[in-house]
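**Q** Sharing work20.cif (mmCIF, C-alpha atoms and all ligand atoms) below.
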```cif
data_input
#
loop_
_atom_site.label_atom_id
_atom_site.label_comp_id
_atom_site.auth_asym_id
_atom_site.auth_seq_id
_atom_site.Cartn_x
_atom_site.Cartn_y
_atom_site.Cartn_z
CA MET A 252 39.32 50.23 -46.62
CA SER A 253 38.62 47.18 -44.53
CA ARG A 254 40.47 47.31 -41.23
CA THR A 255 39.64 43.71 -40.39
CA THR A 256 41.60 42.14 -43.26
CA PRO A 257 44.67 44.33 -43.43
CA GLU A 258 46.44 44.20 -46.74
CA ALA A 259 50.23 44.31 -46.60
CA ARG A 260 51.88 45.75 -49.68
CA PRO A 261 55.14 47.72 -49.65
CA PHE A 262 55.39 50.89 -51.72
CA SER A 263 56.92 50.62 -55.19
CA ALA A 264 60.57 51.77 -55.30
CA ARG A 265 59.46 54.99 -57.00
CA THR A 266 56.86 55.82 -54.34
CA MET A 267 59.29 54.94 -51.54
CA THR A 268 61.87 57.36 -52.95
CA PHE A 269 59.26 60.10 -53.32
CA VAL A 270 57.96 59.56 -49.78
CA ARG A 271 61.42 59.63 -48.18
CA GLU A 272 62.36 62.85 -49.98
CA GLN A 273 59.39 64.64 -48.38
CA PHE A 274 60.36 64.11 -44.73
CA ALA A 275 62.80 66.16 -42.64
CA HIS A 276 65.35 64.48 -40.35
CA LEU A 277 64.45 61.03 -41.59
CA GLU A 278 67.96 59.63 -41.32
CA ARG A 279 69.71 62.21 -39.13
CA ASP A 280 68.60 64.32 -36.17
CA VAL A 281 68.96 68.10 -35.94
CA HIS A 282 72.62 67.67 -34.87
CA GLY A 283 73.40 65.57 -37.93
CA THR A 284 73.62 62.35 -35.91
CA ASP A 285 72.49 59.19 -37.68
CA ARG A 286 69.32 57.76 -36.12
CA LEU A 287 66.26 55.63 -36.72
CA PHE A 288 63.24 57.51 -35.35
CA PHE A 289 60.74 54.86 -34.20
CA GLU A 290 58.89 57.15 -31.76
CA ASN A 291 56.31 58.54 -34.16
CA SER A 292 53.42 57.99 -31.73
CA GLY A 293 54.96 60.66 -29.52
CA GLY A 294 55.18 63.13 -32.41
CA SER A 295 55.77 62.05 -35.97
CA LEU A 296 58.49 62.76 -38.49
CA ARG A 297 57.53 65.91 -40.31
CA LEU A 298 56.82 66.74 -43.91
CA ARG A 299 59.08 69.59 -44.99
CA ALA A 300 56.21 71.08 -47.01
CA ALA A 301 53.89 71.20 -43.97
CA ALA A 302 56.35 73.32 -42.00
CA GLU A 303 57.50 75.41 -44.96
CA ARG A 304 54.02 76.30 -46.16
CA ALA A 305 52.91 77.22 -42.66
CA LEU A 306 55.98 79.45 -42.27
CA ASP A 307 55.36 81.06 -45.64
CA ILE A 308 51.82 82.02 -44.64
CA SER A 309 52.72 83.11 -41.13
CA LEU A 310 55.20 85.67 -42.50
CA SER A 311 52.24 87.89 -43.54
CA PRO A 312 51.06 90.21 -40.75
CA ASP A 313 47.60 90.66 -42.30
CA SER A 314 44.34 89.57 -40.71
CA ASN A 315 42.44 87.36 -43.11
CA SER A 316 39.22 89.22 -42.27
CA ARG A 317 40.41 92.41 -44.01
CA PRO A 318 39.51 93.37 -47.61
CA THR A 319 43.07 93.74 -48.96
CA ARG A 320 44.48 91.53 -51.69
CA VAL A 321 46.91 89.84 -49.28
CA ALA A 322 44.17 89.27 -46.70
CA ARG A 323 41.88 87.74 -49.32
CA GLY A 324 44.70 85.38 -50.26
CA LEU A 325 45.02 84.31 -46.62
CA ALA A 326 41.25 83.79 -46.39
CA ARG A 327 41.46 81.51 -49.45
CA VAL A 328 44.24 79.49 -47.80
CA GLN A 329 42.07 78.99 -44.74
CA LYS A 330 39.02 78.05 -46.83
CA GLN A 331 41.07 75.44 -48.69
CA GLY A 332 42.35 74.11 -45.35
CA GLU A 333 38.79 73.77 -44.05
CA GLU A 334 37.74 71.94 -47.23
CA ASP A 335 40.73 69.63 -46.84
CA LEU A 336 39.89 68.93 -43.21
CA LEU A 337 36.31 68.08 -44.11
CA ALA A 338 37.58 65.75 -46.84
CA PHE A 339 40.07 64.17 -44.44
CA PHE A 340 37.40 63.51 -41.80
CA GLY A 341 34.85 62.33 -44.35
CA GLY A 342 32.51 64.76 -42.62
CA HIS A 343 29.06 66.13 -43.35
CA ARG A 344 28.93 69.58 -45.02
CA ASP A 345 26.61 70.77 -42.25
CA GLY A 346 29.02 69.66 -39.56
CA ALA A 347 31.59 72.00 -37.96
CA LEU A 348 35.32 72.20 -37.35
CA LEU A 349 36.80 73.10 -34.00
CA PRO A 350 40.39 74.34 -34.19
CA THR A 351 42.31 74.22 -30.89
CA ALA A 352 45.91 74.27 -29.74
CA THR A 353 45.77 70.61 -28.59
CA ALA A 354 43.55 67.59 -29.12
CA SER A 355 43.06 67.39 -25.34
CA GLN A 356 41.53 70.89 -25.20
CA ALA A 357 39.04 69.92 -27.88
CA MET A 358 38.03 66.76 -26.03
CA PHE A 359 37.38 68.66 -22.78
CA ALA A 360 35.37 71.32 -24.69
CA LEU A 361 33.09 68.92 -26.49
CA VAL A 362 32.53 66.61 -23.52
CA ARG A 363 31.54 69.69 -21.50
CA VAL A 364 29.03 70.80 -24.15
CA ILE A 365 27.51 67.32 -24.47
CA THR A 366 27.19 66.85 -20.70
CA ASP A 367 25.66 70.34 -20.36
CA HIS A 368 23.03 69.89 -23.05
CA VAL A 369 22.28 66.21 -23.65
CA PRO A 370 20.06 64.77 -20.92
CA GLY A 371 21.20 61.51 -19.37
CA THR A 372 22.19 59.66 -16.24
CA ASN A 373 25.46 58.02 -17.30
CA ILE A 374 28.55 58.32 -19.51
CA VAL A 375 30.33 55.30 -21.00
CA THR A 376 33.99 55.16 -21.91
CA THR A 377 36.77 52.53 -21.95
CA ALA A 378 39.81 51.63 -19.87
CA LEU A 379 42.02 52.16 -22.92
CA GLU A 380 41.28 55.86 -23.39
CA HIS A 381 44.02 58.46 -23.45
CA PRO A 382 43.78 60.69 -20.33
CA SER A 383 42.39 63.52 -22.46
CA SER A 384 39.08 61.76 -23.04
CA TYR A 385 39.05 59.62 -19.87
CA ASP A 386 39.67 62.60 -17.60
CA ALA A 387 37.24 64.83 -19.50
CA CYS A 388 34.52 62.18 -19.05
CA THR A 389 35.36 61.68 -15.35
CA LEU A 390 35.35 65.41 -14.65
CA HIS A 391 32.11 66.19 -16.45
CA ALA A 392 30.29 63.08 -15.24
CA GLU A 393 31.07 64.20 -11.69
CA ARG A 394 30.14 67.83 -12.41
CA THR A 395 26.75 66.88 -13.89
CA GLY A 396 26.01 64.07 -11.43
CA GLN A 397 26.11 61.28 -14.01
CA GLU A 398 27.38 57.77 -13.42
CA PHE A 399 30.78 57.09 -15.00
CA ARG A 400 31.02 53.64 -16.61
CA VAL A 401 34.21 52.10 -17.96
CA ALA A 402 34.28 49.19 -20.45
CA PRO A 403 37.23 46.86 -19.87
CA ALA A 404 39.94 46.31 -22.46
CA ASP A 405 40.36 42.88 -24.06
CA GLN A 406 43.58 41.54 -22.54
CA GLY A 407 44.07 39.17 -25.48
CA THR A 408 44.02 41.78 -28.23
CA GLY A 409 44.96 44.92 -26.28
CA GLY A 410 41.85 46.46 -27.84
CA ILE A 411 38.18 47.17 -27.26
CA ASP A 412 35.37 44.77 -28.07
CA PRO A 413 32.34 46.80 -29.26
CA ARG A 414 30.08 44.42 -27.28
CA ALA A 415 31.84 45.37 -24.03
CA VAL A 416 31.01 49.03 -24.67
CA ALA A 417 27.42 48.33 -25.70
CA ALA A 418 26.91 46.20 -22.57
CA LEU A 419 27.20 49.37 -20.45
CA VAL A 420 24.84 51.50 -22.55
CA ASP A 421 21.18 51.97 -21.60
CA ALA A 422 18.38 54.47 -22.15
CA GLY A 423 20.10 56.87 -19.71
CA THR A 424 23.44 57.01 -21.54
CA SER A 425 24.16 60.51 -22.84
CA LEU A 426 27.67 60.01 -24.19
CA VAL A 427 30.01 57.21 -25.33
CA SER A 428 33.69 58.03 -25.82
CA VAL A 429 35.90 55.40 -27.50
CA ILE A 430 39.48 55.63 -28.73
CA ALA A 431 40.06 54.69 -32.42
CA THR A 432 43.68 53.43 -32.12
CA SER A 433 45.38 52.84 -28.78
CA ASN A 434 48.54 54.88 -28.24
CA ILE A 435 49.97 52.02 -26.14
CA THR A 436 48.86 48.75 -27.75
CA GLY A 437 48.27 49.89 -31.35
CA ALA A 438 44.92 48.04 -31.39
CA VAL A 439 42.34 49.56 -33.74
CA THR A 440 38.74 49.83 -32.56
CA ASP A 441 35.98 49.02 -35.03
CA ILE A 442 34.26 52.38 -34.51
CA ALA A 443 31.39 51.69 -36.92
CA ALA A 444 30.64 48.49 -34.97
CA VAL A 445 30.73 50.39 -31.65
CA VAL A 446 28.32 53.00 -33.01
CA ALA A 447 25.95 50.35 -34.37
CA ALA A 448 26.02 48.37 -31.11
CA VAL A 449 25.46 51.34 -28.81
CA ARG A 450 22.76 52.96 -30.97
CA ALA A 451 20.92 49.63 -31.08
CA LYS A 452 20.46 50.12 -27.33
CA ASN A 453 20.05 53.89 -27.35
CA PRO A 454 19.47 55.54 -30.76
CA GLU A 455 20.06 59.06 -29.39
CA VAL A 456 23.40 58.51 -27.70
CA TYR A 457 26.26 60.86 -28.67
CA VAL A 458 29.46 59.06 -29.69
CA VAL A 459 32.87 60.73 -29.81
CA THR A 460 36.13 59.14 -30.86
CA ASP A 461 39.75 60.07 -30.23
CA GLY A 462 41.33 59.79 -33.67
CA VAL A 463 44.77 61.12 -32.71
CA GLN A 464 46.74 57.88 -33.13
CA TYR A 465 44.50 56.46 -35.84
CA ALA A 466 44.81 59.43 -38.20
CA PRO A 467 48.41 58.82 -39.43
CA HIS A 468 47.61 55.21 -40.34
CA GLY A 469 44.08 54.86 -41.66
CA ILE A 470 41.09 56.47 -43.31
CA ILE A 471 38.70 58.39 -41.08
CA ASP A 472 35.11 58.23 -42.28
CA ALA A 473 33.10 60.23 -39.77
CA ARG A 474 29.83 60.05 -41.69
CA ALA A 475 30.03 56.33 -42.42
CA TRP A 476 31.08 55.61 -38.83
CA GLY A 477 28.14 57.69 -37.55
CA VAL A 478 30.16 59.48 -34.86
CA ASP A 479 29.44 62.93 -33.46
CA ALA A 480 33.06 63.97 -33.12
CA VAL A 481 36.59 62.91 -34.12
CA ASN A 482 39.72 64.79 -33.08
CA ILE A 483 43.18 64.73 -34.65
CA ALA A 484 46.55 66.33 -33.88
CA PRO A 485 48.67 67.18 -36.95
CA TYR A 486 51.91 66.70 -34.98
CA LYS A 487 51.14 62.96 -34.89
CA MET A 488 50.47 62.92 -38.63
CA PHE A 489 53.45 64.58 -40.32
CA GLY A 490 52.63 68.21 -39.37
CA ASP A 491 53.39 70.81 -36.71
CA ARG A 492 52.82 70.92 -32.98
CA GLY A 493 50.59 73.62 -31.52
CA ASN A 494 47.37 72.95 -33.40
CA ALA A 495 44.62 70.35 -33.48
CA PHE A 496 41.31 69.93 -35.31
CA THR A 497 38.03 68.27 -34.41
CA TYR A 498 35.12 67.42 -36.68
CA LEU A 499 31.63 67.81 -35.15
CA SER A 500 28.44 66.26 -36.55
CA PRO A 501 25.61 68.66 -37.48
CA ARG A 502 23.64 67.86 -34.31
CA LEU A 503 26.66 68.34 -32.05
CA ALA A 504 27.65 71.51 -33.93
CA ALA A 505 24.17 72.91 -33.22
CA LEU A 506 24.39 72.47 -29.43
CA PRO A 507 24.94 75.72 -27.47
CA HIS A 508 28.68 76.33 -27.03
CA ASP A 509 31.20 79.08 -26.29
CA LYS A 510 31.18 81.57 -29.14
CA LEU A 511 31.36 85.26 -29.89
CA ALA A 512 27.89 86.80 -30.31
CA ALA A 513 28.60 87.90 -33.89
CA ALA A 514 29.71 84.40 -34.99
CA GLY A 515 27.31 82.00 -36.73
CA SER A 516 25.60 79.37 -34.57
CA ASP A 517 27.70 76.54 -36.04
CA THR A 518 31.02 78.39 -35.57
CA TRP A 519 33.11 76.73 -32.87
CA ALA A 520 36.35 78.64 -33.41
CA VAL A 521 36.61 81.37 -30.79
CA GLY A 522 38.69 84.41 -31.71
CA SER A 523 40.96 85.12 -34.65
CA SER A 524 42.14 82.29 -36.86
CA ALA A 525 45.61 81.26 -38.00
CA PRO A 526 45.65 80.57 -41.77
CA ALA A 527 49.18 79.15 -41.38
CA VAL A 528 47.92 76.03 -39.58
CA TYR A 529 45.39 75.43 -42.36
CA ALA A 530 48.15 75.84 -44.95
CA GLY A 531 50.17 73.19 -43.09
CA PHE A 532 47.22 70.82 -43.13
CA SER A 533 46.61 71.35 -46.87
CA ALA A 534 50.27 70.45 -47.45
CA ILE A 535 49.63 67.13 -45.67
CA VAL A 536 46.59 66.43 -47.85
CA ASP A 537 48.53 67.39 -51.02
CA TYR A 538 51.19 64.89 -49.97
CA LEU A 539 48.67 62.07 -49.38
CA ALA A 540 47.06 62.83 -52.75
CA ALA A 541 50.49 62.64 -54.43
CA VAL A 542 51.16 59.26 -52.78
CA GLY A 543 47.74 58.06 -54.01
CA ASP A 544 48.73 59.03 -57.56
CA THR A 545 45.16 59.12 -58.85
CA ALA A 546 44.13 60.53 -62.24
CA PRO A 547 44.08 64.32 -62.62
CA GLY A 548 40.70 65.73 -61.69
CA THR A 549 40.01 63.09 -59.01
CA ASP A 550 38.07 64.68 -56.16
CA ARG A 551 40.06 65.58 -53.05
CA ARG A 552 38.55 62.93 -50.75
CA SER A 553 39.13 60.10 -53.25
CA ALA A 554 42.69 61.28 -53.90
CA LEU A 555 43.67 61.40 -50.24
CA VAL A 556 41.89 58.12 -49.52
CA ALA A 557 43.98 56.48 -52.27
CA GLY A 558 47.12 57.87 -50.64
CA MET A 559 46.12 56.74 -47.17
CA ARG A 560 45.24 53.29 -48.49
CA ALA A 561 48.78 52.98 -49.94
CA VAL A 562 50.26 54.26 -46.66
CA HIS A 563 48.25 51.71 -44.69
CA ALA A 564 49.25 48.82 -46.94
CA HIS A 565 52.95 49.76 -46.68
CA GLU A 566 52.68 50.05 -42.90
CA GLN A 567 51.05 46.64 -42.67
CA ALA A 568 54.03 45.22 -44.60
CA LEU A 569 56.37 46.93 -42.10
CA LEU A 570 54.31 45.54 -39.20
CA ARG A 571 54.48 41.98 -40.53
CA THR A 572 58.24 42.31 -41.01
CA LEU A 573 58.62 43.58 -37.45
CA LEU A 574 56.70 40.61 -36.11
CA ASP A 575 57.91 37.86 -38.43
CA GLY A 576 61.27 39.08 -39.71
CA THR A 577 62.89 38.46 -43.09
CA ASP A 578 65.00 35.73 -44.69
CA ASN A 579 68.03 37.32 -43.00
CA GLN A 580 66.68 38.27 -39.61
CA ALA A 581 64.27 36.80 -37.03
CA GLY A 582 61.25 38.94 -36.17
CA LEU A 583 60.13 40.04 -32.70
CA ARG A 584 58.00 36.94 -32.26
CA ARG A 585 61.05 34.67 -32.52
CA LEU A 586 63.76 36.70 -30.79
CA PRO A 587 64.88 34.98 -27.55
CA GLY A 588 64.46 37.22 -24.50
CA VAL A 589 61.98 39.51 -26.28
CA HIS A 590 58.24 39.47 -25.80
CA VAL A 591 55.98 41.28 -28.24
CA HIS A 592 52.53 41.82 -26.80
CA PHE A 593 49.16 41.15 -28.47
CA ALA A 594 50.96 39.80 -31.55
CA ASP A 595 49.29 36.41 -31.72
CA ARG A 596 46.14 37.79 -33.24
CA ALA A 597 47.85 40.48 -35.32
CA ALA A 598 47.22 38.61 -38.56
CA THR A 599 43.47 38.66 -38.11
CA LEU A 600 42.77 41.67 -35.90
CA PRO A 601 43.36 45.20 -37.11
CA ARG A 602 46.29 47.00 -35.54
CA ASP A 603 48.33 49.99 -36.49
CA LEU A 604 52.10 50.35 -36.59
CA ILE A 605 52.48 50.77 -32.82
CA VAL A 606 54.12 47.77 -31.19
CA PRO A 607 54.54 47.20 -27.44
CA LEU A 608 57.42 44.91 -26.39
CA THR A 609 59.33 43.92 -23.29
CA PHE A 610 62.67 42.27 -22.62
CA ASP A 611 62.86 39.33 -20.21
CA ASP A 612 66.14 40.52 -18.70
CA LEU A 613 66.05 44.28 -19.06
CA PRO A 614 63.73 46.94 -17.60
CA CYS A 615 62.00 49.06 -20.25
CA THR A 616 63.77 52.29 -19.28
CA GLU A 617 67.19 50.63 -19.64
CA ALA A 618 66.21 49.08 -22.96
CA VAL A 619 65.22 52.50 -24.30
CA ARG A 620 68.66 53.90 -23.32
CA ALA A 621 70.32 50.87 -24.98
CA TYR A 622 68.41 51.57 -28.19
CA GLU A 623 69.49 55.23 -28.18
CA GLU A 624 73.13 54.20 -27.73
CA ARG A 625 72.67 52.18 -30.92
CA GLY A 626 71.05 55.04 -32.88
CA VAL A 627 67.40 54.01 -32.45
CA ILE A 628 64.77 56.21 -30.78
CA VAL A 629 61.86 54.44 -29.07
CA TYR A 630 59.99 55.24 -25.85
CA GLU A 631 59.00 53.48 -22.66
CA ARG A 632 55.43 53.59 -21.40
CA VAL A 633 55.59 52.47 -17.78
CA ALA A 634 53.09 52.22 -14.94
CA SER A 635 55.08 54.70 -12.82
CA SER A 636 53.83 57.38 -15.24
CA PRO A 637 50.32 58.64 -14.41
CA TYR A 638 49.72 59.04 -18.17
CA SER A 639 50.20 55.33 -18.80
CA GLU A 640 49.38 53.48 -15.55
CA ARG A 641 45.63 52.95 -16.00
CA ILE A 642 45.97 51.87 -19.63
CA LEU A 643 48.84 49.46 -18.99
CA ARG A 644 47.05 47.85 -16.04
CA ALA A 645 43.88 47.54 -18.15
CA VAL A 646 45.76 45.24 -20.52
CA GLY A 647 47.68 43.42 -17.78
CA LEU A 648 51.09 45.06 -18.24
CA GLU A 649 53.51 46.99 -16.00
CA GLY A 650 55.40 48.69 -18.78
CA VAL A 651 56.40 48.38 -22.42
CA VAL A 652 58.91 49.70 -24.90
CA ARG A 653 56.69 51.30 -27.51
CA VAL A 654 57.98 50.95 -31.05
CA SER A 655 56.29 53.23 -33.57
CA PRO A 656 57.87 53.52 -37.02
CA LEU A 657 56.09 55.39 -39.84
CA HIS A 658 55.23 54.70 -43.47
CA CYS A 659 58.35 56.58 -44.60
CA HIS A 660 60.47 53.75 -43.21
CA THR A 661 61.70 50.83 -45.30
CA LEU A 662 61.73 47.08 -44.79
CA GLU A 663 65.55 47.36 -44.52
CA GLU A 664 65.20 49.81 -41.63
CA ILE A 665 62.87 47.37 -39.88
CA GLU A 666 65.54 44.70 -40.34
CA ARG A 667 68.12 47.06 -38.82
CA PHE A 668 65.81 47.64 -35.85
CA LEU A 669 65.42 43.88 -35.39
CA ARG A 670 69.21 43.39 -35.41
CA VAL A 671 69.61 46.06 -32.73
CA THR A 672 66.80 44.46 -30.69
CA GLN A 673 68.49 41.07 -30.89
CA GLU A 674 71.80 42.59 -29.74
CA ILE A 675 70.13 44.33 -26.77
CA ALA A 676 68.33 41.10 -25.80
CA GLU A 677 71.60 39.11 -25.99
CA LYS A 678 73.40 41.64 -23.80
CA GLY A 679 70.49 41.57 -21.34
CA ARG A 680 70.59 37.78 -21.20
CA ALA A 681 74.34 37.84 -20.64
CA GLY A 682 73.69 40.25 -17.73
CA GLU A 683 75.90 42.96 -19.23
C1 LIG B 1 45.52 58.79 -28.36
C2 LIG B 1 45.83 60.20 -27.98
N1 LIG B 1 44.82 61.06 -27.76
C3 LIG B 1 45.04 62.33 -27.41
C4 LIG B 1 46.32 62.82 -27.26
C5 LIG B 1 46.50 64.22 -26.82
O1 LIG B 1 46.95 65.06 -27.84
P1 LIG B 1 47.40 66.54 -27.50
O2 LIG B 1 48.79 66.45 -26.98
O3 LIG B 1 47.32 67.27 -28.80
O4 LIG B 1 46.47 67.09 -26.49
C6 LIG B 1 47.41 61.97 -27.48
C7 LIG B 1 48.79 62.46 -27.28
O5 LIG B 1 49.71 61.71 -27.08
C8 LIG B 1 47.16 60.62 -27.85
O6 LIG B 1 48.15 59.76 -28.06
#
```
Represent the structure contained in this file as structure tokens.
Ligand SMILES: Cc1ncc(COP(=O)(O)O)c(C=O)c1O

**A**
Amino acid sequence: MSRTTPEARPFSARTMTFVREQFAHLERDVHGTDRLFFENSGGSLRLRAAAERALDISLSPDSNSRPTRVARGLARVQKQGEEDLLAFFGGHRDGALLPTATASQAMFALVRVITDHVPGTNIVTTALEHPSSYDACTLHAERTGQEFRVAPADQGTGGIDPRAVAALVDAGTSLVSVIATSNITGAVTDIAAVVAAVRAKNPEVYVVTDGVQYAPHGIIDARAWGVDAVNIAPYKMFGDRGNAFTYLSPRLAALPHDKLAAAGSDTWAVGSSAPAVYAGFSAIVDYLAAVGDTAPGTDRRSALVAGMRAVHAHEQALLRTLLDGTDNQAGLRRLPGVHVHFADRAATLPRDLIVPLTFDDLPCTEAVRAYEERGVIVYERVASSPYSERILRAVGLEGVVRVSPLHCHTLEEIERFLRVTQEIAEKGRAGE
């Protein structure tokens, strides 16, 4: 899938109905209150099957390392989950999977291993990184006495220009860490271009990418990108909280790392495994394959890629509607008193369905409360939060209302969101 010429194509009515039936609490919250959940970047709407299958598996007390019939069944569930993860990442068979409780834990673990074992004098990252990778790089650069270099964000696109990263790389660079989709601006990094640009200056450099916000929207292709690691968090991509997965390239997998003595050299999981989390992930892949609707017998990777391609095209249609509106309703670009950031180049530059906006006459925190009063959930990312400050300042902002719908939403729901936004802006302008 080309991320530079995003195709916008809504789902067929049949697919839309199927998709909406799979999600829990899509129209009402746990208290039965009507709401539009446009805060999927903070934790996405959940597939019923992902939670139900995980629960089903977790009801068995057996260890999957035992020889009983039940245990062998659990081992098969985990094996299928691992196959599905490899297919999802587009990873190399000789690579490894690191299961953790959070994506942040994984990032700290792999940055520590790389800084311990790959010789170098500097680490390169970007101003747009989530704290999990930025702080891991800062900490381990300091610990190993390496220089810490930060590529600036592009204030026009809210993204990262691969040339800005490559400009900081030299023969002494041990590690480059670049985010795939920004959790604040929605800008998508051309990871393959970053890898090509940095390896042109240093062929040995390790490259890791934070795929957490990219994963629900686009196709990860770790081998084609040429990265050494990609991490994801299922709770941002229709699954449960409490687990995360990272793909490691064969050469990264082979570096010395924490492991039990009896485990194989490419095993990164430490301690007993939880087949339930793999069952949940397989349910996500089954769902994507069903959305892709490919011919029976299609291999797993091709089937899920077809599904993700359809998801991406639908989301791009939602994004365009958000920005440009419909025949009945003005889009964010034309609403008086509303400013949507980095939208001017949205038609030509890849971005995911994460939209930062501000109101001329209303602070972000008040706008978020006004949305909730009108049955819409969004979230403010403001510079008073240490999690957001550096990233916001890097793109020249003090705060934004982050709007993050999901592919299970309809064009009509986007229209409803725009009507609510217009009402909030009018009230703000009237000083109410
Ligand atoms: C881009 C990005 N990376 C990493 C993380 C961290 O994920 P986790 O909470 O699983 O550590 C987040 C969470 O919001 C994120 O948005």

**Q** Counting only C-alpha atoms and all ligand atoms, what residues are within 6 Å of ligand LIG 1 (chain B), given as a list in words?

**A**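 After applying the 6 Å limit, what remains is Gly293, Thr353, Ala354, Ser355, His381, Ser383, Ser433, Asn434, Asp461, Val463, Gln464 and Ala484 of chain A.
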
**Q** Output C-alpha atoms for every residue in the selection just made, as a PDB file, in the frame of the given file.

**A**
```pdb
ATOM      1  CA  GLY A 293      54.960  60.660 -29.520  1.00  0.00           C
ATOM      2  CA  THR A 353      45.770  70.610 -28.590  1.00  0.00           C
ATOM      3  CA  ALA A 354      43.550  67.590 -29.120  1.00  0.00           C
ATOM      4  CA  SER A 355      43.060  67.390 -25.340  1.00  0.00           C
ATOM      5  CA  HIS A 381      44.020  58.460 -23.450  1.00  0.00           C
ATOM      6  CA  SER A 383      42.390  63.520 -22.460  1.00  0.00           C
ATOM      7  CA  SER A 433      45.380  52.840 -28.780  1.00  0.00           C
ATOM      8  CA  ASN A 434      48.540  54.880 -28.240  1.00  0.00           C
ATOM      9  CA  ASP A 461      39.750  60.070 -30.230  1.00  0.00           C
ATOM     10  CA  VAL A 463      44.770  61.120 -32.710  1.00  0.00           C
ATOM     11  CA  GLN A 464      46.740  57.880 -33.130  1.00  0.00           C
ATOM     12  CA  ALA A 484      46.550  66.330 -33.880  1.00  0.00           C
TER      13      ALA A 484
END
```

**Q** Give me, please, the distance in Å between atom CA of A:Gly531 and atom CA of A:Asn494, quoted to one decimal.

**A**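 Result for atom CA of A:Gly531 versus atom CA of A:Asn494: 10.1 Å, one decimal.
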
**Q** Can you tell me how far atom CA of A:Ala404 sits from atom CA of A:Leu600, in Å to one decimal?

**A** 14.5 Å

**Q** By how many Å are atom CA of A:Thr377 and atom CA of A:His468 apart?

**A**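 Taking atom CA of A:Thr377 and atom CA of A:His468, their separation equals 21.5 Å.
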
**Q** List the spatial neighbours of A:Glu631 as a list in words - criterion: any atom at most 6 Å away, only C-alpha atoms, same-chain residues fewer than 5 positions off excluded.

**A**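 What passes the distance filter is Cys615, Thr616, Val651, Val652 and Arg653 of chain A.
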
**Q** Which residue out of A:Leu298, A:Ala352, A:Leu613, A:Val536 has the minimum interatomic distance to A:Leu277 when only C-alpha atoms are used?

**A**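 Closest residue, counting only C-alpha atoms: A:Leu298.
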
**Q** Name the residues in contact with stretch 334-338 of chain A at a cut-off of 8 Å, using only C-alpha atoms, excluding same-chain residues fewer than 4 positions from it; report them as a VMD selection string.

**A** chain A and resid 330 342 to 344 348 498 532 to 533 536 551 to 552

**Q** What's around A:Ala561 at 8 Å? Count all atoms listed in the file, leave out sequence neighbours fewer than 5 positions away in its own chain, and write the answer as a count of residues only.

**A** 4

**Q** For stretch 438-448 of chain A, I'd like the enclosing box, axis-aligned and padded by 6 Å on every side, reported as AutoDock Vina command-line options with centre and edge lengths in Å to one decimal.

**A**
```
--center_x 35.4 --center_y 50.5 --center_z -34.0 --size_x 31.0 --size_y 17.0 --size_z 17.8
```
